[in-house]
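Have a look at protein.txt below; it lists compact mmCIF, C-alpha atoms and all ligand atoms.
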```txt
# COMPACT_ATOMS: atom_id res chain seq x y z
CA MET A 1 -185.85 24.35 -114.22
CA GLN A 2 -186.64 22.51 -117.44
CA ALA A 3 -189.67 24.67 -118.18
CA THR A 4 -187.68 27.86 -117.38
CA GLY A 5 -184.98 26.89 -119.89
CA ILE A 6 -187.60 25.99 -122.48
CA ALA A 7 -189.24 29.41 -122.06
CA ALA A 8 -185.87 30.97 -122.97
CA LEU A 9 -185.84 28.99 -126.24
CA LEU A 10 -189.35 29.81 -127.37
CA SER A 11 -188.55 33.00 -129.28
CA LEU A 12 -185.90 31.09 -131.31
CA TRP A 13 -188.44 28.32 -131.93
CA GLU A 14 -191.14 30.75 -133.03
CA ALA A 15 -188.71 32.40 -135.47
CA ALA A 16 -187.76 28.98 -136.89
CA CYS A 17 -191.45 28.08 -137.32
CA ARG A 18 -192.05 31.37 -139.15
CA MET A 19 -189.05 30.99 -141.49
CA VAL A 20 -189.05 27.32 -142.44
CA ASP A 21 -190.32 26.26 -145.87
CA ILE A 22 -193.71 24.54 -145.41
CA SER A 23 -194.73 24.28 -149.07
CA ASP A 24 -194.95 20.45 -148.87
CA ALA A 25 -197.53 18.74 -146.64
CA PRO A 26 -197.67 17.03 -144.27
CA VAL A 27 -195.45 19.21 -142.11
CA THR A 28 -193.24 17.00 -139.92
CA ILE A 29 -192.10 18.28 -136.53
CA VAL A 30 -189.85 16.07 -134.39
CA ASP A 31 -189.35 16.30 -130.61
CA TYR A 32 -186.02 14.54 -129.90
CA GLY A 33 -185.70 13.18 -126.32
CA CYS A 34 -189.34 13.87 -125.39
CA SER A 35 -189.55 11.96 -122.07
CA GLN A 36 -193.22 12.00 -120.97
CA GLY A 37 -193.94 14.96 -123.22
CA ARG A 38 -195.32 17.45 -120.72
CA ASN A 39 -192.67 20.07 -121.47
CA SER A 40 -193.23 19.61 -125.21
CA MET A 41 -196.87 20.69 -125.19
CA ILE A 42 -196.30 24.45 -125.32
CA PRO A 43 -193.59 24.44 -128.04
CA MET A 44 -195.57 21.98 -130.18
CA ARG A 45 -198.73 24.06 -129.78
CA LYS A 46 -196.80 27.18 -130.82
CA ALA A 47 -195.44 25.38 -133.90
CA ILE A 48 -198.93 24.22 -134.91
CA ASP A 49 -200.36 27.72 -134.50
CA ILE A 50 -197.57 29.40 -136.48
CA VAL A 51 -197.59 26.81 -139.29
CA ARG A 52 -201.39 27.08 -139.52
CA SER A 53 -201.22 30.88 -139.62
CA ARG A 54 -198.85 30.66 -142.60
CA ALA A 55 -200.63 27.93 -144.57
CA ASP A 56 -204.01 26.37 -145.02
CA ALA A 57 -205.65 26.06 -141.58
CA THR A 58 -206.13 22.34 -142.19
CA ILE A 59 -202.61 21.53 -143.40
CA PRO A 60 -201.81 18.11 -141.89
CA ILE A 61 -199.09 18.19 -139.26
CA GLU A 62 -197.33 15.14 -137.84
CA ILE A 63 -195.58 15.47 -134.50
CA VAL A 64 -193.04 12.74 -133.88
CA HIS A 65 -191.88 12.25 -130.28
CA THR A 66 -188.66 10.28 -129.93
CA ASP A 67 -186.87 8.86 -126.90
CA LEU A 68 -184.99 5.74 -125.80
CA PRO A 69 -186.92 2.42 -125.93
CA SER A 70 -187.07 2.41 -122.10
CA ASN A 71 -189.00 5.72 -122.06
CA ASP A 72 -192.49 5.83 -120.56
CA PHE A 73 -194.38 6.35 -123.84
CA SER A 74 -197.70 5.39 -122.20
CA SER A 75 -197.50 8.53 -120.05
CA LEU A 76 -196.77 10.56 -123.18
CA PHE A 77 -199.89 9.28 -124.96
CA GLU A 78 -201.92 9.74 -121.76
CA ALA A 79 -200.69 13.36 -121.50
CA LEU A 80 -201.72 13.98 -125.11
CA ILE A 81 -205.28 13.11 -124.09
CA SER A 82 -205.51 14.51 -120.57
CA ASP A 83 -202.88 17.22 -120.02
CA PRO A 84 -204.68 20.59 -119.93
CA ASN A 85 -201.87 22.02 -122.11
CA SER A 86 -201.97 19.19 -124.66
CA TYR A 87 -201.49 20.46 -128.20
CA MET A 88 -204.13 17.92 -129.26
CA THR A 89 -206.89 19.77 -127.39
CA GLY A 90 -209.04 21.50 -129.98
CA SER A 91 -206.68 20.53 -132.82
CA SER A 92 -207.64 18.67 -135.94
CA ASP A 93 -205.40 17.17 -138.59
CA VAL A 94 -202.55 16.89 -136.07
CA PHE A 95 -201.05 13.39 -135.94
CA PRO A 96 -198.83 12.44 -132.96
CA LEU A 97 -196.41 9.54 -133.46
CA ALA A 98 -193.61 8.10 -131.33
CA ILE A 99 -190.28 6.41 -131.98
CA GLY A 100 -188.47 4.43 -129.27
CA LYS A 101 -184.89 4.50 -130.51
CA SER A 102 -181.73 6.47 -129.72
CA TYR A 103 -181.26 9.62 -131.77
CA PHE A 104 -177.65 8.60 -132.35
CA ALA A 105 -179.12 6.33 -135.07
CA PRO A 106 -181.31 7.17 -138.09
CA LEU A 107 -184.91 7.73 -136.98
CA LEU A 108 -186.81 8.86 -140.07
CA PRO A 109 -186.50 8.55 -143.86
CA PRO A 110 -184.18 11.06 -145.57
CA GLY A 111 -185.56 14.55 -146.14
CA ARG A 112 -188.68 14.08 -144.02
CA VAL A 113 -188.31 16.65 -141.20
CA HIS A 114 -189.32 20.33 -141.42
CA LEU A 115 -188.70 21.31 -137.80
CA GLY A 116 -186.77 19.65 -134.97
CA TRP A 117 -186.93 20.43 -131.25
CA SER A 118 -184.82 18.99 -128.45
CA THR A 119 -184.57 20.15 -124.83
CA TRP A 120 -182.46 18.99 -121.89
CA ALA A 121 -181.39 15.74 -123.58
CA LEU A 122 -178.16 16.24 -125.54
CA GLN A 123 -175.96 16.45 -122.45
CA TRP A 124 -176.44 12.67 -121.97
CA MET A 125 -173.63 10.70 -123.58
CA SER A 126 -174.46 7.80 -125.88
CA THR A 127 -172.49 5.51 -123.59
CA ASN A 128 -170.89 5.64 -120.17
CA ALA A 129 -167.44 6.52 -121.49
CA VAL A 130 -165.67 6.33 -118.13
CA ASP A 131 -166.24 6.10 -114.38
CA ALA A 132 -165.27 9.21 -112.42
CA PRO A 133 -163.37 8.70 -109.14
CA ASP A 134 -164.10 12.19 -107.82
CA HIS A 135 -167.61 13.24 -108.89
CA ILE A 136 -171.08 11.84 -109.52
CA LEU A 137 -171.27 13.57 -112.92
CA ALA A 138 -168.68 12.41 -115.46
CA GLY A 139 -168.47 15.92 -116.93
CA MET A 140 -167.61 17.52 -113.58
CA SER A 141 -164.65 15.29 -112.75
CA ARG A 142 -161.26 17.00 -112.40
CA SER A 143 -159.35 13.84 -113.33
CA PRO A 144 -157.44 14.53 -116.59
CA ALA A 145 -158.16 11.01 -117.88
CA VAL A 146 -161.91 11.37 -117.23
CA THR A 147 -162.00 14.90 -118.68
CA ALA A 148 -160.31 13.67 -121.87
CA ALA A 149 -162.61 10.63 -122.23
CA VAL A 150 -165.74 12.76 -121.71
CA ALA A 151 -164.57 15.42 -124.18
CA ALA A 152 -163.85 12.76 -126.83
CA GLN A 153 -167.22 11.05 -126.30
CA GLN A 154 -169.13 14.35 -126.38
CA ALA A 155 -167.35 15.47 -129.56
CA SER A 156 -168.13 12.20 -131.32
CA ASP A 157 -171.77 12.16 -130.08
CA TRP A 158 -172.32 15.75 -131.28
CA GLN A 159 -171.00 14.94 -134.75
CA CYS A 160 -173.10 11.76 -134.86
CA PHE A 161 -176.27 13.64 -133.82
CA LEU A 162 -175.64 16.35 -136.45
CA THR A 163 -174.99 13.80 -139.20
CA GLN A 164 -178.10 11.75 -138.40
CA ARG A 165 -180.34 14.81 -138.16
CA SER A 166 -179.02 16.34 -141.34
CA ARG A 167 -180.03 13.21 -143.31
CA GLU A 168 -183.61 13.33 -142.12
CA MET A 169 -184.05 17.13 -142.38
CA ARG A 170 -185.48 18.62 -145.57
CA PRO A 171 -183.51 21.33 -147.39
CA GLY A 172 -184.07 24.55 -145.40
CA ALA A 173 -185.31 22.65 -142.31
CA LYS A 174 -184.47 24.00 -138.85
CA LEU A 175 -183.68 22.39 -135.52
CA VAL A 176 -183.78 24.22 -132.18
CA ALA A 177 -182.03 22.59 -129.21
CA GLY A 178 -181.36 23.54 -125.61
CA PHE A 179 -179.13 21.40 -123.42
CA THR A 180 -177.00 21.65 -120.30
CA ALA A 181 -173.68 23.29 -121.05
CA ARG A 182 -170.84 25.06 -119.26
CA ALA A 183 -169.37 28.54 -119.01
CA ASP A 184 -165.57 28.88 -118.94
CA ALA A 185 -165.23 28.92 -115.17
CA GLU A 186 -168.40 27.15 -113.95
CA THR A 187 -171.28 24.88 -114.87
CA GLY A 188 -173.89 26.12 -112.39
CA TRP A 189 -174.21 22.55 -111.00
CA GLU A 190 -171.39 22.90 -108.46
CA TRP A 191 -173.60 23.24 -105.39
CA LEU A 192 -176.36 20.76 -106.28
CA LEU A 193 -174.28 17.89 -107.65
CA GLY A 194 -171.43 18.57 -105.22
CA GLU A 195 -173.93 17.82 -102.42
CA LEU A 196 -175.12 14.66 -104.22
CA TRP A 197 -171.53 13.43 -104.45
CA SER A 198 -170.99 14.32 -100.77
CA ALA A 199 -174.14 12.36 -99.82
CA LEU A 200 -172.71 9.34 -101.66
CA ALA A 201 -169.35 9.85 -99.88
CA ASP A 202 -171.24 9.86 -96.54
CA MET A 203 -172.73 6.46 -97.46
CA ARG A 204 -169.26 5.16 -98.26
CA ARG A 205 -167.99 6.36 -94.86
CA ASP A 206 -170.93 4.53 -93.28
CA GLY A 207 -169.75 1.33 -94.99
CA LEU A 208 -172.71 1.10 -97.39
CA LEU A 209 -170.56 0.86 -100.55
CA SER A 210 -166.92 0.31 -101.49
CA GLU A 211 -164.59 2.81 -103.16
CA ARG A 212 -165.00 0.96 -106.48
CA GLU A 213 -168.82 0.95 -106.13
CA GLN A 214 -168.78 4.68 -105.40
CA GLU A 215 -166.76 5.25 -108.57
CA GLN A 216 -169.21 3.17 -110.62
CA MET A 217 -172.00 5.54 -109.63
CA THR A 218 -171.18 7.93 -112.45
CA ILE A 219 -173.89 9.78 -114.38
CA PRO A 220 -172.83 9.75 -118.08
CA ILE A 221 -173.42 13.45 -118.71
CA GLY A 222 -170.84 15.83 -120.14
CA LEU A 223 -171.20 19.60 -120.26
CA ARG A 224 -170.08 21.10 -123.56
CA SER A 225 -168.67 24.62 -123.82
CA LEU A 226 -169.75 26.92 -126.64
CA GLU A 227 -166.39 26.18 -128.31
CA ASP A 228 -167.14 22.42 -128.17
CA ILE A 229 -170.50 23.05 -129.86
CA LYS A 230 -168.92 25.21 -132.56
CA ALA A 231 -166.03 22.80 -133.22
CA PRO A 232 -167.53 20.76 -136.12
CA PHE A 233 -168.51 23.99 -137.94
CA ARG A 234 -165.18 25.75 -137.49
CA GLN A 235 -163.31 24.59 -140.56
CA SER A 236 -165.76 25.32 -143.35
CA GLY A 237 -168.62 27.16 -141.65
CA SER A 238 -170.93 24.17 -142.07
CA PHE A 239 -171.03 20.51 -141.08
CA ALA A 240 -173.01 17.79 -142.89
CA ASP A 241 -174.90 20.52 -144.79
CA LEU A 242 -175.94 22.13 -141.50
CA THR A 243 -175.08 25.65 -140.43
CA LEU A 244 -175.06 26.89 -136.88
CA GLU A 245 -177.50 29.77 -137.18
CA HIS A 246 -177.57 30.72 -133.51
CA LEU A 247 -175.61 29.76 -130.39
CA ASP A 248 -175.62 31.30 -126.95
CA LEU A 249 -175.36 30.39 -123.32
CA VAL A 250 -178.35 31.03 -121.07
CA LYS A 251 -178.09 31.06 -117.27
CA VAL A 252 -181.31 29.40 -116.12
CA SER A 253 -182.76 30.87 -112.93
CA ASP A 254 -183.81 28.71 -109.98
CA ALA A 255 -187.59 28.27 -110.25
CA PHE A 256 -187.83 27.30 -106.53
CA TRP A 257 -185.74 30.16 -105.12
CA PRO A 258 -188.36 32.99 -105.12
CA GLU A 259 -190.73 30.83 -103.05
CA PHE A 260 -187.93 29.94 -100.61
CA ASP A 261 -186.84 33.57 -100.45
CA GLY A 262 -190.35 34.49 -99.33
CA SER A 263 -191.05 31.59 -96.97
CA GLY A 264 -187.58 30.70 -95.69
CA ASP A 265 -188.75 27.07 -95.73
CA ARG A 266 -185.43 25.23 -96.18
CA LEU A 267 -187.01 21.77 -96.02
CA ALA A 268 -189.51 22.52 -98.79
CA PHE A 269 -186.77 24.05 -100.98
CA ALA A 270 -184.49 21.05 -100.42
CA ARG A 271 -187.32 18.61 -101.15
CA GLN A 272 -188.18 20.36 -104.44
CA HIS A 273 -184.58 20.16 -105.63
CA ALA A 274 -184.10 16.59 -104.40
CA ASP A 275 -187.29 15.43 -106.15
CA LEU A 276 -186.36 17.14 -109.42
CA THR A 277 -182.80 15.75 -109.31
CA ARG A 278 -184.11 12.26 -108.57
CA ALA A 279 -186.59 12.49 -111.47
CA TRP A 280 -183.79 12.83 -114.05
CA SER A 281 -180.95 10.91 -112.36
CA GLY A 282 -182.70 8.33 -110.13
CA PRO A 283 -183.25 5.58 -112.74
CA LEU A 284 -179.62 5.75 -113.90
CA LEU A 285 -178.30 5.78 -110.32
CA ALA A 286 -180.49 2.78 -109.41
CA SER A 287 -179.05 0.88 -112.39
CA VAL A 288 -175.45 1.43 -111.21
CA ALA A 289 -176.11 1.06 -107.45
CA PRO A 290 -174.12 -1.69 -105.70
CA SER A 291 -175.53 -5.07 -106.72
CA SER A 292 -175.40 -6.25 -103.10
CA CYS A 293 -178.08 -3.66 -102.11
CA GLU A 294 -181.77 -3.37 -102.76
CA GLN A 295 -181.53 -0.65 -105.41
CA THR A 296 -184.63 1.39 -104.57
CA ALA A 297 -183.75 1.43 -100.85
CA PHE A 298 -180.19 2.50 -101.71
CA VAL A 299 -181.40 5.38 -103.88
CA ASP A 300 -184.00 6.36 -101.22
CA ASP A 301 -181.18 6.59 -98.66
CA LEU A 302 -178.95 8.57 -101.04
CA PHE A 303 -181.67 11.12 -101.82
CA SER A 304 -182.76 11.54 -98.22
CA ARG A 305 -179.13 12.32 -97.25
CA PHE A 306 -178.92 14.65 -100.28
CA GLU A 307 -182.11 16.46 -99.25
CA ARG A 308 -180.78 16.94 -95.71
CA ARG A 309 -177.54 18.41 -97.05
CA LEU A 310 -179.42 20.78 -99.38
CA SER A 311 -181.58 22.01 -96.50
CA GLU A 312 -178.47 22.79 -94.40
CA ASP A 313 -177.01 25.19 -96.97
CA PRO A 314 -179.66 26.39 -99.45
CA ARG A 315 -178.36 28.27 -102.49
CA PRO A 316 -179.86 29.20 -105.87
CA HIS A 317 -179.24 26.48 -108.48
CA GLU A 318 -178.52 28.27 -111.76
CA PRO A 319 -177.26 25.91 -114.47
CA TYR A 320 -176.19 26.97 -117.95
CA MET A 321 -178.09 25.94 -121.06
CA ALA A 322 -176.74 26.14 -124.61
CA ALA A 323 -179.38 27.51 -127.00
CA VAL A 324 -178.71 26.23 -130.51
CA VAL A 325 -180.42 26.76 -133.87
CA LEU A 326 -179.30 24.61 -136.81
CA SER A 327 -180.34 25.10 -140.39
CA LYS A 328 -180.10 22.58 -143.26
CA LYS A 329 -178.71 23.91 -146.54
CA PRO A 330 -181.61 25.00 -148.79
CA HIS A 331 -182.05 23.52 -152.33
C1 LIG B 401 -184.28 15.48 -118.84
S1 LIG B 401 -185.24 14.63 -120.03
C2 LIG B 401 -185.88 15.99 -120.98
C3 LIG B 401 -187.25 15.74 -121.44
C4 LIG B 401 -187.92 16.89 -122.20
N1 LIG B 401 -187.33 17.07 -123.50
C5 LIG B 401 -187.89 18.17 -121.39
O1 LIG B 401 -187.28 19.14 -121.84
O2 LIG B 401 -188.46 18.20 -120.30
C6 LIG B 401 -184.01 13.95 -121.14
C7 LIG B 401 -184.59 12.91 -122.06
O3 LIG B 401 -183.63 12.61 -123.08
C8 LIG B 401 -183.71 11.24 -123.35
N2 LIG B 401 -182.50 10.78 -124.02
C9 LIG B 401 -181.24 10.69 -123.51
N3 LIG B 401 -180.42 10.16 -124.42
C10 LIG B 401 -181.17 9.89 -125.53
C11 LIG B 401 -180.88 9.31 -126.79
N4 LIG B 401 -179.66 8.88 -127.09
N5 LIG B 401 -181.88 9.18 -127.69
C12 LIG B 401 -183.13 9.62 -127.39
N6 LIG B 401 -183.47 10.17 -126.20
C13 LIG B 401 -182.50 10.30 -125.28
C14 LIG B 401 -183.92 10.63 -121.98
O4 LIG B 401 -184.40 9.30 -122.07
C15 LIG B 401 -184.90 11.60 -121.34
O5 LIG B 401 -186.23 11.23 -121.58
```

Could you rewrite the structure in this file as structure tokens?
Ligand SMILES: C[S@@+](CC[C@H](N)C(=O)[O-])C[C@H]1O[C@@H](n2cnc3c(N)ncnc32)[C@H](O)[C@@H]1O
Amino acid sequence: MQATGIAALLSLWEAACRMVDISDAPVTIVDYGCSQGRNSMIPMRKAIDIVRSRADATIPIEIVHTDLPSNDFSSLFEALISDPNSYMTGSSDVFPLAIGKSYFAPLLPPGRVHLGWSTWALQWMSTNAVDAPDHILAGMSRSPAVTAAVAAQQASDWQCFLTQRSREMRPGAKLVAGFTARADAETGWEWLLGELWSALADMRRDGLLSEREQEQMTIPIGLRSLEDIKAPFRQSGSFADLTLEHLDLVKVSDAFWPEFDGSGDRLAFARQHADLTRAWSGPLLASVAPSSCEQTAFVDDLFSRFERRLSEDPRPHEPYMAAVVLSKKPH
């Protein structure tokens, strides 16, 4: 799913790499919310190739990967050496760096960044604003109090991210971002995360957690609408010297569905979705699991129930992604 969404952003990224001013070396490219970096290899390689085709073939390029301090940066550096797609393979004068700090704070000196890239990260809130009594994902709750708290947190986080990035971007710099968002009537996560919430409710019925503990198992993700993303730019057309050059909503297709459609193998389809969902949500869910339980065993139980539910009623999972291009005011 992540790679499919990234593929949809690549033409915007290539255009940004072709347009941005690269008259000053080194060229600094930042990957915000990199995780273990495997999905960053292709976009970073494309940026290197385009920058090199426009300038001296040895122009130094620094690639800065940022994520939270808890991120597995060792796997990132390992992937840079051993991943067959690594942008380091066959490259010279390319300098990878990493920063372990939230992007809701300053990360780099003012005016340093030429190009920014961020995928599947900005839906995470900077803090768990509120526990949801009726859904595992804060942003999918129907409670008016939760909806209001999530909207306020997401609006403030978006403004904070824009302000921090604007400071470190050079005049004319560009940032391309893709993150989970919502259409007016749906998010695309209804089936998948509805089943995860139902699996948790099954555990509650089996006496494995209390009502309060179920509520505490809230994933702090909010899904912005296109109007939410536009909001800071509405009054004057720009915000913190940034303009919103491009914004659209992409429906990401289910990468596992064609295989299931051919094989009819419900168990394999359910396992693929359960594994992917656990990869991005498992650590957070373990951290908020009831303290009376062994956390890994609790999350194992949750995801095996989830997988069973998915296999009983397979459907295509087609979430929405906002595709955003921001541009810093030129000199
Ligand atoms: C689903 S992963 C996406 C990884 C990669 N960009 C991709 O597209 O496959 C989201 C990443 O965003 C990171 N993230 C979430 N909030 C962050 C923050 N405030 N600052 C930096 N990274 C953050 C998470 O730690 C996680 O590694």

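Taking all atoms listed in the file, the non-local environment of region 255-261 of chain A within 9 Å (same-chain residues fewer than 6 positions away omitted) comprises Met1, Ala3, Thr4, Ala268, Phe269, Gln272, His273, Arg315, Pro316 and His317 of chain A.
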
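Residues in contact with ligand LIG 401 (chain B) comprise Gln2, Ala3, Ile6, Tyr32, Gly33, Cys34, Ser35, Gly37, Arg38, Asn39, Ser40, Thr66, Asp67, Leu68, Asn71, Lys101, Ser102, Tyr103, Phe104, Ser118, Thr119, Trp120, Ala121, Leu122, Trp124, Met125, Ser126 and Trp280 of chain A, where contact means an atom-to-atom distance of at most 7 Å counting only C-alpha atoms and all ligand atoms.
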
Can you list every residue of region 263-314 of chain A that has an atom at most 12 Å from region 170-194 of chain A, with its nearest atom pair and the distance in Å to one decimal, using only C-alpha atoms, ordered by chain then number, as CSV?
```
residue,atom,partner,partner_atom,distance
A:Ala270,CA,A:Leu192,CA,10.0
A:Gln272,CA,A:Leu192,CA,12.0
A:His273,CA,A:Leu192,CA,8.3
A:Ala274,CA,A:Leu192,CA,9.0
A:Leu276,CA,A:Leu192,CA,11.1
A:Thr277,CA,A:Leu192,CA,8.7
A:Arg278,CA,A:Leu193,CA,11.4
A:Ser281,CA,A:Leu193,CA,10.7
A:Phe303,CA,A:Leu193,CA,11.6
A:Phe306,CA,A:Leu192,CA,8.9
A:Glu307,CA,A:Leu192,CA,10.0
A:Arg309,CA,A:Leu192,CA,9.6
A:Leu310,CA,A:Leu192,CA,7.5
A:Ser311,CA,A:Leu192,CA,11.2
A:Asp313,CA,A:Trp191,CA,9.3
A:Pro314,CA,A:Trp191,CA,9.1
```

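Note that the spacing between CA of Ala240 (chain A) and CA of Leu226 (chain A) amounts to 18.9 Å.
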
Polymer residues at most 12 Å from Phe239 (chain A), all atoms listed in the file, same-chain spacing of 6 or more positions, as a PDB file with C-alpha atoms, keeping the file's coordinate frame:
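To be explicit, this is the file written out as selection18.pdb:
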```pdb
ATOM      1  CA  TRP A 158    -172.320  15.750-131.280  1.00  0.00           C
ATOM      2  CA  GLN A 159    -171.000  14.940-134.750  1.00  0.00           C
ATOM      3  CA  CYS A 160    -173.100  11.760-134.860  1.00  0.00           C
ATOM      4  CA  PHE A 161    -176.270  13.640-133.820  1.00  0.00           C
ATOM      5  CA  LEU A 162    -175.640  16.350-136.450  1.00  0.00           C
ATOM      6  CA  THR A 163    -174.990  13.800-139.200  1.00  0.00           C
ATOM      7  CA  GLN A 164    -178.100  11.750-138.400  1.00  0.00           C
ATOM      8  CA  ARG A 165    -180.340  14.810-138.160  1.00  0.00           C
ATOM      9  CA  SER A 166    -179.020  16.340-141.340  1.00  0.00           C
ATOM     10  CA  ARG A 167    -180.030  13.210-143.310  1.00  0.00           C
ATOM     11  CA  ILE A 229    -170.500  23.050-129.860  1.00  0.00           C
ATOM     12  CA  LYS A 230    -168.920  25.210-132.560  1.00  0.00           C
ATOM     13  CA  ALA A 231    -166.030  22.800-133.220  1.00  0.00           C
ATOM     14  CA  PRO A 232    -167.530  20.760-136.120  1.00  0.00           C
ATOM     15  CA  PHE A 233    -168.510  23.990-137.940  1.00  0.00           C
ATOM     16  CA  GLU A 245    -177.500  29.770-137.180  1.00  0.00           C
ATOM     17  CA  LEU A 326    -179.300  24.610-136.810  1.00  0.00           C
ATOM     18  CA  SER A 327    -180.340  25.100-140.390  1.00  0.00           C
ATOM     19  CA  LYS A 328    -180.100  22.580-143.260  1.00  0.00           C
ATOM     20  CA  LYS A 329    -178.710  23.910-146.540  1.00  0.00           C
TER      21      LYS A 329
END
```

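Interatomic distance, CA of Pro319 (chain A) to CA of Ala148 (chain A): 22.2 Å.
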
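With CA of Asp31 (chain A) on one side and CA of Gly282 (chain A) on the other, the separation reads 23.0 Å.
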
Exercise. Which residue out of A:Gln123, A:Ser304, A:Ser253, A:Ser287 has the minimum interatomic distance to Leu137 (chain A) when only C-alpha atoms are used?
Worked result: A:Gln123

Determine the axis-aligned bounding box of all atoms of region 312-321 of chain A present in the file, pad each side by 8 Å, and express its centre and edge lengths in Å to one decimal place as lines of an AutoDock Vina configuration file.
```
center_x = -178.0
center_y = 26.0
center_z = -107.7
size_x = 19.7
size_y = 22.4
size_z = 42.7
```

Mind filling out region 206-221 of chain A with N, CA, C and O atoms and sending it as a compact mmCIF listing (two decimals), in the coordinates of the input?
```txt
# COMPACT_ATOMS: atom_id res chain seq x y z
N ASP A 206 -170.09 5.36 -94.16
CA ASP A 206 -170.93 4.53 -93.28
C ASP A 206 -170.86 3.05 -93.68
O ASP A 206 -171.65 2.24 -93.19
N GLY A 207 -169.98 2.73 -94.62
CA GLY A 207 -169.75 1.33 -94.99
C GLY A 207 -170.82 0.74 -95.90
O GLY A 207 -170.95 -0.49 -96.02
N LEU A 208 -171.60 1.62 -96.58
CA LEU A 208 -172.71 1.10 -97.39
C LEU A 208 -172.28 0.79 -98.84
O LEU A 208 -173.05 0.21 -99.59
N LEU A 209 -171.09 1.23 -99.22
CA LEU A 209 -170.56 0.86 -100.55
C LEU A 209 -169.03 1.00 -100.51
O LEU A 209 -168.48 1.70 -99.65
N SER A 210 -168.39 0.30 -101.44
CA SER A 210 -166.92 0.31 -101.49
C SER A 210 -166.46 1.49 -102.35
O SER A 210 -167.26 2.12 -103.06
N GLU A 211 -165.15 1.73 -102.33
CA GLU A 211 -164.59 2.81 -103.16
C GLU A 211 -164.91 2.57 -104.64
O GLU A 211 -165.32 3.47 -105.37
N ARG A 212 -164.74 1.30 -105.06
CA ARG A 212 -165.00 0.96 -106.48
C ARG A 212 -166.49 1.17 -106.81
O ARG A 212 -166.84 1.69 -107.88
N GLU A 213 -167.37 0.78 -105.88
CA GLU A 213 -168.82 0.95 -106.13
C GLU A 213 -169.19 2.43 -106.18
O GLU A 213 -170.05 2.82 -106.97
N GLN A 214 -168.51 3.23 -105.36
CA GLN A 214 -168.78 4.68 -105.40
C GLN A 214 -168.38 5.24 -106.76
O GLN A 214 -169.09 6.05 -107.36
N GLU A 215 -167.26 4.77 -107.26
CA GLU A 215 -166.76 5.25 -108.57
C GLU A 215 -167.72 4.85 -109.71
O GLU A 215 -167.93 5.62 -110.65
N GLN A 216 -168.30 3.65 -109.55
CA GLN A 216 -169.21 3.17 -110.62
C GLN A 216 -170.49 4.00 -110.69
O GLN A 216 -171.20 3.97 -111.68
N MET A 217 -170.78 4.73 -109.62
CA MET A 217 -172.00 5.54 -109.63
C MET A 217 -171.71 6.87 -110.33
O MET A 217 -171.67 7.93 -109.72
N THR A 218 -171.51 6.76 -111.64
CA THR A 218 -171.18 7.93 -112.45
C THR A 218 -172.33 8.19 -113.42
O THR A 218 -172.74 7.29 -114.15
N ILE A 219 -172.82 9.40 -113.43
CA ILE A 219 -173.89 9.78 -114.38
C ILE A 219 -173.21 10.17 -115.69
O ILE A 219 -172.38 11.10 -115.71
N PRO A 220 -173.55 9.49 -116.81
CA PRO A 220 -172.83 9.75 -118.08
C PRO A 220 -173.32 11.02 -118.79
O PRO A 220 -173.90 10.98 -119.87
N ILE A 221 -173.07 12.14 -118.14
CA ILE A 221 -173.42 13.45 -118.71
C ILE A 221 -172.13 14.26 -118.82
O ILE A 221 -171.32 14.26 -117.89
```
